[in-house]
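> Below is the file model21.cif, which contains mmCIF, C-alpha atoms and all ligand atoms.
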```cif
data_model
#
loop_
_atom_site.label_atom_id
_atom_site.label_comp_id
_atom_site.auth_asym_id
_atom_site.auth_seq_id
_atom_site.Cartn_x
_atom_site.Cartn_y
_atom_site.Cartn_z
CA LEU L 673 3.16 -35.35 -51.99
CA PHE L 674 2.29 -34.98 -55.65
CA ALA L 675 3.19 -38.20 -57.40
CA GLY L 676 0.48 -39.43 -59.68
CA GLU L 677 -2.02 -36.87 -58.52
CA VAL L 678 -1.22 -33.88 -60.66
CA GLU L 679 -3.52 -32.89 -63.48
CA PHE L 680 -3.57 -30.00 -65.89
CA LEU L 681 -6.65 -27.98 -65.02
CA LYS L 682 -6.76 -24.99 -67.33
CA GLY L 683 -4.93 -22.17 -69.04
CA VAL L 684 -6.14 -18.76 -67.93
CA VAL L 685 -6.05 -15.65 -70.14
CA ALA L 686 -8.04 -13.26 -67.95
CA MET L 687 -8.71 -12.81 -64.25
CA SER L 688 -12.29 -13.97 -64.77
CA GLY L 689 -10.94 -17.37 -65.79
CA LEU L 690 -9.10 -18.08 -62.53
CA PRO L 691 -10.26 -21.14 -60.64
CA PRO L 692 -11.74 -20.46 -57.19
CA ALA L 693 -9.11 -19.49 -54.62
CA ASP L 694 -9.96 -22.47 -52.44
CA ARG L 695 -6.56 -24.07 -51.81
CA LEU L 696 -2.88 -23.28 -51.41
CA GLU L 697 -1.14 -22.12 -54.52
CA VAL L 698 2.48 -21.82 -55.61
CA CYS L 699 3.70 -20.46 -58.91
CA PHE L 700 6.82 -20.98 -60.98
CA ALA L 701 8.31 -18.28 -63.16
CA GLY L 702 11.38 -18.17 -65.31
CA ARG L 703 12.87 -17.25 -68.65
CA SER L 704 12.04 -19.68 -71.40
CA ASN L 705 14.47 -22.55 -71.55
CA VAL L 706 15.43 -22.11 -67.89
CA GLY L 707 14.21 -25.66 -67.24
CA LYS L 708 10.78 -24.85 -65.79
CA SER L 709 8.86 -27.69 -67.43
CA SER L 710 11.56 -30.14 -66.47
CA LEU L 711 11.49 -28.93 -62.88
CA ILE L 712 7.71 -29.11 -62.56
CA ASN L 713 7.80 -32.57 -64.09
CA ALA L 714 10.50 -33.68 -61.65
CA LEU L 715 8.69 -32.15 -58.72
CA THR L 716 5.40 -33.78 -59.51
CA GLY L 717 6.90 -37.09 -60.58
CA ARG L 718 5.01 -36.87 -63.82
CA LYS L 719 6.58 -36.86 -67.24
CA ALA L 720 5.35 -34.19 -69.57
CA ILE L 721 2.88 -32.72 -67.11
CA ALA L 722 4.06 -29.22 -67.84
CA ARG L 723 4.64 -29.69 -71.53
CA ALA L 724 1.23 -28.14 -72.07
CA SER L 725 2.64 -24.83 -70.97
CA ASN L 726 5.26 -24.78 -73.70
CA THR L 727 2.92 -25.48 -76.59
CA PRO L 728 2.18 -22.54 -78.86
CA GLY L 729 -0.93 -20.74 -77.67
CA ARG L 730 -0.35 -21.69 -74.06
CA THR L 731 2.68 -19.48 -73.67
CA GLN L 732 0.62 -16.42 -72.80
CA GLU L 733 -1.65 -18.18 -70.38
CA ILE L 734 -1.37 -18.81 -66.68
CA ASN L 735 -1.45 -22.58 -66.50
CA PHE L 736 -3.06 -24.25 -63.52
CA PHE L 737 -2.37 -27.78 -62.35
CA THR L 738 -4.15 -29.42 -59.46
CA ALA L 739 -2.01 -31.42 -57.04
CA ALA L 740 -3.63 -33.92 -54.74
CA ASP L 741 -6.68 -31.68 -54.25
CA SER L 742 -4.68 -29.64 -51.78
CA HIS L 743 -2.61 -27.34 -53.98
CA TYR L 744 -2.62 -25.52 -57.23
CA ILE L 745 0.68 -25.50 -59.04
CA VAL L 746 0.79 -22.56 -61.39
CA ASP L 747 3.11 -22.34 -64.34
CA LEU L 748 3.73 -18.79 -65.47
CA PRO L 749 5.03 -18.71 -69.04
CA GLY L 750 8.56 -17.68 -69.82
CA TYR L 751 8.87 -13.93 -69.59
CA GLY L 752 10.87 -11.66 -71.82
CA PHE L 753 9.03 -12.45 -75.05
CA ALA L 754 11.73 -11.01 -77.22
CA ASN L 755 9.81 -11.35 -80.45
CA ALA L 756 6.21 -10.82 -79.40
CA PRO L 757 4.24 -7.76 -80.51
CA VAL L 758 4.09 -4.96 -77.93
CA ALA L 759 0.34 -5.39 -77.47
CA VAL L 760 0.78 -9.05 -76.60
CA VAL L 761 3.52 -8.29 -74.11
CA GLU L 762 1.46 -5.55 -72.49
CA LYS L 763 -1.63 -7.71 -72.20
CA TRP L 764 0.43 -10.46 -70.62
CA GLN L 765 2.13 -8.11 -68.16
CA ARG L 766 -1.23 -6.69 -67.13
CA LEU L 767 -2.60 -10.16 -66.46
CA LEU L 768 0.53 -11.14 -64.57
CA LYS L 769 0.33 -8.08 -62.31
CA GLN L 770 -3.37 -8.63 -61.67
CA TYR L 771 -2.82 -12.28 -60.89
CA LEU L 772 0.12 -11.70 -58.55
CA SER L 773 -1.57 -8.96 -56.59
CA GLY L 774 -5.05 -10.45 -56.58
CA ARG L 775 -4.58 -14.01 -55.49
CA PRO L 776 -4.93 -14.40 -51.72
CA THR L 777 -4.05 -18.11 -51.71
CA LEU L 778 -0.77 -17.63 -53.57
CA ARG L 779 1.71 -18.55 -50.85
CA ARG L 780 5.00 -18.48 -52.66
CA ALA L 781 6.49 -17.84 -56.05
CA PHE L 782 9.55 -19.71 -57.22
CA VAL L 783 11.75 -17.76 -59.58
CA LEU L 784 13.89 -20.10 -61.64
CA ILE L 785 17.37 -19.03 -62.61
CA ASP L 786 19.80 -20.96 -64.76
CA ALA L 787 22.87 -21.87 -62.72
CA ARG L 788 25.05 -21.08 -65.73
CA HIS L 789 23.94 -17.46 -65.91
CA GLY L 790 22.72 -16.13 -62.58
CA ALA L 791 20.00 -13.48 -62.30
CA LYS L 792 19.46 -11.43 -65.45
CA LYS L 793 17.58 -8.20 -66.05
CA VAL L 794 14.28 -9.95 -66.83
CA ASP L 795 14.62 -11.96 -63.65
CA GLU L 796 15.04 -8.74 -61.72
CA GLU L 797 11.91 -7.40 -63.41
CA ILE L 798 9.78 -10.30 -62.22
CA MET L 799 11.32 -9.95 -58.76
CA ALA L 800 10.29 -6.29 -58.74
CA LEU L 801 6.75 -7.29 -59.71
CA LEU L 802 6.69 -9.82 -56.87
CA ASP L 803 7.93 -7.17 -54.43
CA ARG L 804 5.19 -4.79 -55.48
CA ALA L 805 2.55 -7.50 -55.22
CA ALA L 806 4.03 -8.59 -51.84
CA VAL L 807 4.29 -12.19 -52.96
CA PRO L 808 7.10 -13.92 -51.07
CA PHE L 809 9.44 -15.55 -53.52
CA GLN L 810 12.32 -17.96 -53.49
CA VAL L 811 14.93 -18.48 -56.15
CA VAL L 812 15.49 -21.93 -57.57
CA MET L 813 18.75 -22.40 -59.43
CA THR L 814 18.27 -24.89 -62.26
CA LYS L 815 20.61 -27.20 -64.16
CA ILE L 816 23.31 -27.25 -61.48
CA ASP L 817 24.65 -30.44 -63.08
CA LYS L 818 25.81 -28.29 -65.99
CA VAL L 819 28.19 -26.06 -64.06
CA LYS L 820 31.50 -26.44 -62.32
CA LYS L 821 31.65 -25.38 -58.71
CA SER L 822 33.48 -22.17 -59.57
CA GLU L 823 30.81 -21.18 -62.11
CA LEU L 824 28.06 -22.05 -59.67
CA ASP L 825 29.69 -19.89 -57.01
CA GLN L 826 29.87 -17.02 -59.45
CA SER L 827 26.19 -17.18 -60.46
CA LEU L 828 25.18 -17.66 -56.82
CA GLY L 829 27.10 -14.51 -56.00
CA LEU L 830 25.37 -12.55 -58.76
CA THR L 831 21.99 -13.89 -57.75
CA ARG L 832 22.45 -13.21 -54.03
CA ALA L 833 23.50 -9.66 -54.83
CA ALA L 834 20.32 -9.25 -56.88
CA LEU L 835 18.16 -10.72 -54.11
CA ALA L 836 19.48 -8.33 -51.53
CA LYS L 837 17.55 -5.56 -53.32
CA HIS L 838 14.22 -7.37 -53.13
CA PRO L 839 12.23 -7.26 -49.92
CA ALA L 840 9.92 -10.12 -50.93
CA ALA L 841 12.83 -12.52 -51.51
CA TYR L 842 13.75 -15.38 -49.22
CA PRO L 843 17.50 -15.38 -48.78
CA GLU L 844 17.81 -19.16 -49.15
CA LEU L 845 18.26 -20.43 -52.69
CA VAL L 846 17.28 -23.94 -53.74
CA LEU L 847 19.88 -25.63 -55.95
CA THR L 848 18.36 -28.12 -58.35
CA SER L 849 19.01 -30.43 -61.22
CA SER L 850 15.94 -31.98 -62.78
CA GLU L 851 18.27 -34.23 -64.70
CA LYS L 852 20.05 -35.65 -61.63
CA GLY L 853 17.31 -35.09 -59.08
CA ASP L 854 19.29 -32.73 -56.85
CA GLY L 855 17.17 -30.43 -54.73
CA ILE L 856 13.86 -31.87 -55.89
CA GLU L 857 13.03 -33.43 -52.53
CA THR L 858 13.97 -30.17 -50.81
CA LEU L 859 11.68 -28.20 -53.07
CA ARG L 860 8.85 -30.68 -52.60
CA ALA L 861 9.25 -30.39 -48.84
CA ILE L 862 9.12 -26.59 -49.06
CA VAL L 863 5.86 -26.72 -51.01
CA ALA L 864 4.39 -29.39 -48.72
CA GLY L 865 5.35 -27.33 -45.67
CA LEU L 866 3.46 -24.20 -46.72
CA SER L 867 0.29 -23.41 -44.85
P1 LIG L 901 11.41 -24.39 -70.06
O1 LIG L 901 11.37 -23.70 -71.38
O2 LIG L 901 11.83 -23.46 -68.99
O3 LIG L 901 10.16 -25.14 -69.71
O4 LIG L 901 12.63 -25.42 -70.15
P2 LIG L 901 12.64 -27.01 -70.34
O5 LIG L 901 12.24 -27.70 -69.09
O6 LIG L 901 11.91 -27.36 -71.58
O7 LIG L 901 14.22 -27.25 -70.50
C1 LIG L 901 14.98 -26.60 -71.50
C2 LIG L 901 16.17 -27.46 -71.87
O8 LIG L 901 17.04 -27.61 -70.75
C3 LIG L 901 15.78 -28.87 -72.27
O9 LIG L 901 16.65 -29.28 -73.31
C4 LIG L 901 16.01 -29.69 -71.03
O10 LIG L 901 16.31 -31.04 -71.30
C5 LIG L 901 17.20 -28.98 -70.42
N1 LIG L 901 17.20 -29.11 -68.94
C6 LIG L 901 16.21 -28.81 -68.10
N2 LIG L 901 16.55 -29.05 -66.83
C7 LIG L 901 17.81 -29.55 -66.86
C8 LIG L 901 18.74 -29.99 -65.85
O11 LIG L 901 18.48 -29.99 -64.63
N3 LIG L 901 19.96 -30.40 -66.28
C9 LIG L 901 20.30 -30.41 -67.59
N4 LIG L 901 21.53 -30.82 -67.92
N5 LIG L 901 19.46 -30.02 -68.57
C10 LIG L 901 18.23 -29.58 -68.21
#
```
For the structure just supplied, provide its representation as structure tokens.
Ligand code: GDP


Amino acid sequence: LFAGEVEFLKGVVAMSGLPPADRLEVCFAGRSNVGKSSLINALTGRKAIARASNTPGRTQEINFFTAADSHYIVDLPGYGFANAPVAVVEKWQRLLKQYLSGRPTLRRAFVLIDARHGAKKVDEEIMALLDRAAVPFQVVMTKIDKVKKSELDQSLGLTRAALAKHPAAYPELVLTSSEKGDGIETLRAIVAGLS
């Protein structure tokens, strides 16, 4: 679906900067270091496509990529800015809320969770935001190549328990490894199947 046709469009810092809502949109959210850039790169078949989002200055922007003229792929920066000033965090949270509740073409959010850890408090916070904005979301477990089956089962258990509290959550999790390629085709098919 996306190979070779994904381009960085723009980083958005205010609602007025959003591109026209003229195509399907999916967004990806996750704590920094969860493997979001790697996953977007694997999904789009492009190396370094999402590196832009991790460069200083882009971490408080909503980053838009165009995919094959039919979709926007939106990279939401890592949340839980532990060291950012309060004003920065508040501005970002305001933008995030406005974006999530004001984007009619946003079909699904993918919340990335590290398979080693399961859902954490900040993940639950973004899930609560998605509930309130009524944006359907699906959890993508990342880095499954790094865990033993018993550890994976444990973090799946934690994550499923967390999801049960969130009405906007899809119950099915997608298990991925950007390193090994697991789950990437599944995720691509999910995105391609949205209408
Ligand atoms: P981001 O901050 O969420 O964009 O995370 P990155 O994509 O930059 O990944 C953070 C670190 O995790 C990097 O060192 C990646 O190489 C590593 N990583 C990402 N995905 C995987 C994966 O599926 N398997 C393994 N083993 N490492 C991964």

> Step by step, measure atom-to-atom distances between ligand LIG 901 (chain L) and each residue using all atoms listed in the file, keep those at most 6 Å, then write them as a PyMOL selection string.

chain L and resi 704-710+814-815+817-818+849-851

> Residues as selected, C-alpha atoms, written as an mmCIF file, in the coordinates of the input, can you do that?


```
data_model
loop_
_atom_site.group_PDB
_atom_site.id
_atom_site.type_symbol
_atom_site.label_atom_id
_atom_site.label_comp_id
_atom_site.auth_asym_id
_atom_site.auth_seq_id
_atom_site.Cartn_x
_atom_site.Cartn_y
_atom_site.Cartn_z
ATOM 1 C CA SER L 704 12.040 -19.680 -71.400
ATOM 2 C CA ASN L 705 14.470 -22.550 -71.550
ATOM 3 C CA VAL L 706 15.430 -22.110 -67.890
ATOM 4 C CA GLY L 707 14.210 -25.660 -67.240
ATOM 5 C CA LYS L 708 10.780 -24.850 -65.790
ATOM 6 C CA SER L 709 8.860 -27.690 -67.430
ATOM 7 C CA SER L 710 11.560 -30.140 -66.470
ATOM 8 C CA THR L 814 18.270 -24.890 -62.260
ATOM 9 C CA LYS L 815 20.610 -27.200 -64.160
ATOM 10 C CA ASP L 817 24.650 -30.440 -63.080
ATOM 11 C CA LYS L 818 25.810 -28.290 -65.990
ATOM 12 C CA SER L 849 19.010 -30.430 -61.220
ATOM 13 C CA SER L 850 15.940 -31.980 -62.780
ATOM 14 C CA GLU L 851 18.270 -34.230 -64.700
#
```

> Using all atoms listed in the file, which protein or nucleic acid residues come within 12 Å of Ala805 in chain L? Drop anything in the same chain fewer than 3 positions from it, and give the result as an MDAnalysis selection string.

chainID L and resid 768:776 778:781 798:802 808:809 838:840

> Compare L:Leu681, L:Ile785, L:Leu690, L:Leu711 by their minimum atom-to-atom distance to Ala739 in chain L, counting only C-alpha atoms, and give me the closest one.

L:Leu681

> Rank L:Lys852, L:Arg860, L:Arg695, L:Lys837 by their smallest atom-to-atom distance to Glu797 in chain L, using all atoms listed in the file, and report the top residue only.

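Smallest distance to Glu797 in chain L is found for L:Lys837.
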
> Please, what distance in Å, to one decimal, runs between CA of Phe736 in chain L and CA of Arg718 in chain L?

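These two atoms are separated by 15.0 Å.
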
> For the atom pair CA of Lys820 in chain L and CA of His789 in chain L, what is the interatomic distance in Å to one decimal place?

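Spanning CA of Lys820 in chain L to CA of His789 in chain L is a straight-line distance of 12.3 Å.
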
> Could you list, as a list in words, every residue within 7 Å of range 741-749 of chain L, counting only C-alpha atoms and ignoring same-chain residues fewer than 5 positions away?

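After dropping sequence-adjacent residues, the list is Arg695, Leu696, Glu697, Val698, Cys699, Phe700, Ala701, Ser725, Thr731, Gln732, Glu733, Ile734, Asn735 and Phe736 of chain L.
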
> Grab the CA of Ala787 in chain L to CA of Arg703 in chain L distance for me, in Å with one decimal place.

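Interatomic distance here is 12.5 Å.
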
> Excluding same-chain residues fewer than 5 positions from Glu857 in chain L, what lies within 12 Å of it counting all atoms listed in the file, as an mmCIF file with C-alpha atoms, keeping the file's coordinate frame?


```
data_model
loop_
_atom_site.group_PDB
_atom_site.id
_atom_site.type_symbol
_atom_site.label_atom_id
_atom_site.label_comp_id
_atom_site.auth_asym_id
_atom_site.auth_seq_id
_atom_site.Cartn_x
_atom_site.Cartn_y
_atom_site.Cartn_z
ATOM 1 C CA LEU L 673 3.160 -35.350 -51.990
ATOM 2 C CA PHE L 674 2.290 -34.980 -55.650
ATOM 3 C CA ALA L 675 3.190 -38.200 -57.400
ATOM 4 C CA LEU L 711 11.490 -28.930 -62.880
ATOM 5 C CA ALA L 714 10.500 -33.680 -61.650
ATOM 6 C CA LEU L 715 8.690 -32.150 -58.720
ATOM 7 C CA THR L 716 5.400 -33.780 -59.510
ATOM 8 C CA GLY L 717 6.900 -37.090 -60.580
ATOM 9 C CA VAL L 846 17.280 -23.940 -53.740
ATOM 10 C CA LEU L 847 19.880 -25.630 -55.950
ATOM 11 C CA THR L 848 18.360 -28.120 -58.350
ATOM 12 C CA SER L 849 19.010 -30.430 -61.220
ATOM 13 C CA SER L 850 15.940 -31.980 -62.780
ATOM 14 C CA LYS L 852 20.050 -35.650 -61.630
ATOM 15 C CA ILE L 862 9.120 -26.590 -49.060
ATOM 16 C CA VAL L 863 5.860 -26.720 -51.010
ATOM 17 C CA ALA L 864 4.390 -29.390 -48.720
ATOM 18 C CA GLY L 865 5.350 -27.330 -45.670
#
```

> Ranking L:Val794, L:Ser827, L:Arg788, L:Ala841 by minimum distance to Gln810 in chain L and counting only C-alpha atoms, which one comes first?

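Of L:Val794, L:Ser827, L:Arg788, L:Ala841, the one nearest Gln810 in chain L is L:Ala841, counting only C-alpha atoms.
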
> Find the smallest box with edges along x, y and z containing every listed atom of range 787-794 of chain L, then add 4 Å on each side and report centre and edge lengths in Å to one decimal, as JSON.


```
{"center_x": 19.7, "center_y": -15.0, "center_z": -64.6, "size_x": 18.8, "size_y": 21.7, "size_z": 12.5}
```

> Using all atoms listed in the file, collect all residues at a distance of at most 8 Å from (-4.6, -32.7, -61.1) as written in the file, then present them as an mmCIF file with C-alpha atoms, in the frame of the given file.


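Now in result.cif:
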```cif
data_model
loop_
_atom_site.group_PDB
_atom_site.id
_atom_site.type_symbol
_atom_site.label_atom_id
_atom_site.label_comp_id
_atom_site.auth_asym_id
_atom_site.auth_seq_id
_atom_site.Cartn_x
_atom_site.Cartn_y
_atom_site.Cartn_z
ATOM 1 C CA GLU L 677 -2.020 -36.870 -58.520
ATOM 2 C CA VAL L 678 -1.220 -33.880 -60.660
ATOM 3 C CA GLU L 679 -3.520 -32.890 -63.480
ATOM 4 C CA PHE L 680 -3.570 -30.000 -65.890
ATOM 5 C CA LEU L 681 -6.650 -27.980 -65.020
ATOM 6 C CA PHE L 737 -2.370 -27.780 -62.350
ATOM 7 C CA THR L 738 -4.150 -29.420 -59.460
ATOM 8 C CA ALA L 739 -2.010 -31.420 -57.040
ATOM 9 C CA ALA L 740 -3.630 -33.920 -54.740
ATOM 10 C CA ASP L 741 -6.680 -31.680 -54.250
#
```

> Using the partial input, fill out range 811-826 of chain L with N, CA and C atoms; write the result as a short mmCIF file (atom, residue, chain, number, x, y, z; two decimals), in the coordinates of the input.


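That gives us result_34.cif:
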```cif
data_model
loop_
_atom_site.label_atom_id
_atom_site.label_comp_id
_atom_site.auth_asym_id
_atom_site.auth_seq_id
_atom_site.Cartn_x
_atom_site.Cartn_y
_atom_site.Cartn_z
N VAL L 811 14.23 -18.17 -54.90
CA VAL L 811 14.93 -18.48 -56.15
C VAL L 811 15.33 -19.94 -56.19
N VAL L 812 15.07 -20.55 -57.31
CA VAL L 812 15.49 -21.93 -57.57
C VAL L 812 16.52 -21.90 -58.69
N MET L 813 17.73 -22.30 -58.39
CA MET L 813 18.75 -22.40 -59.43
C MET L 813 18.53 -23.73 -60.15
N THR L 814 18.50 -23.67 -61.48
CA THR L 814 18.27 -24.89 -62.26
C THR L 814 19.55 -25.35 -62.94
N LYS L 815 19.54 -26.61 -63.34
CA LYS L 815 20.61 -27.20 -64.16
C LYS L 815 21.98 -27.14 -63.47
N ILE L 816 22.01 -27.35 -62.17
CA ILE L 816 23.31 -27.25 -61.48
C ILE L 816 24.28 -28.34 -61.93
N ASP L 817 23.74 -29.40 -62.55
CA ASP L 817 24.65 -30.44 -63.08
C ASP L 817 25.49 -29.93 -64.24
N LYS L 818 25.10 -28.79 -64.81
CA LYS L 818 25.81 -28.29 -65.99
C LYS L 818 26.97 -27.37 -65.65
N VAL L 819 27.13 -27.03 -64.39
CA VAL L 819 28.19 -26.06 -64.06
C VAL L 819 29.24 -26.63 -63.12
N LYS L 820 30.43 -26.12 -63.27
CA LYS L 820 31.50 -26.44 -62.32
C LYS L 820 31.26 -25.63 -61.05
N LYS L 821 31.88 -26.06 -59.99
CA LYS L 821 31.65 -25.38 -58.71
C LYS L 821 32.00 -23.90 -58.79
N SER L 822 33.07 -23.57 -59.48
CA SER L 822 33.48 -22.17 -59.57
C SER L 822 32.44 -21.32 -60.30
N GLU L 823 31.85 -21.92 -61.36
CA GLU L 823 30.81 -21.18 -62.11
C GLU L 823 29.55 -21.02 -61.26
N LEU L 824 29.24 -22.09 -60.53
CA LEU L 824 28.06 -22.05 -59.67
C LEU L 824 28.24 -20.96 -58.62
N ASP L 825 29.42 -20.91 -58.03
CA ASP L 825 29.69 -19.89 -57.01
C ASP L 825 29.53 -18.49 -57.58
N GLN L 826 29.97 -18.33 -58.81
CA GLN L 826 29.87 -17.02 -59.45
C GLN L 826 28.41 -16.63 -59.68
#
```
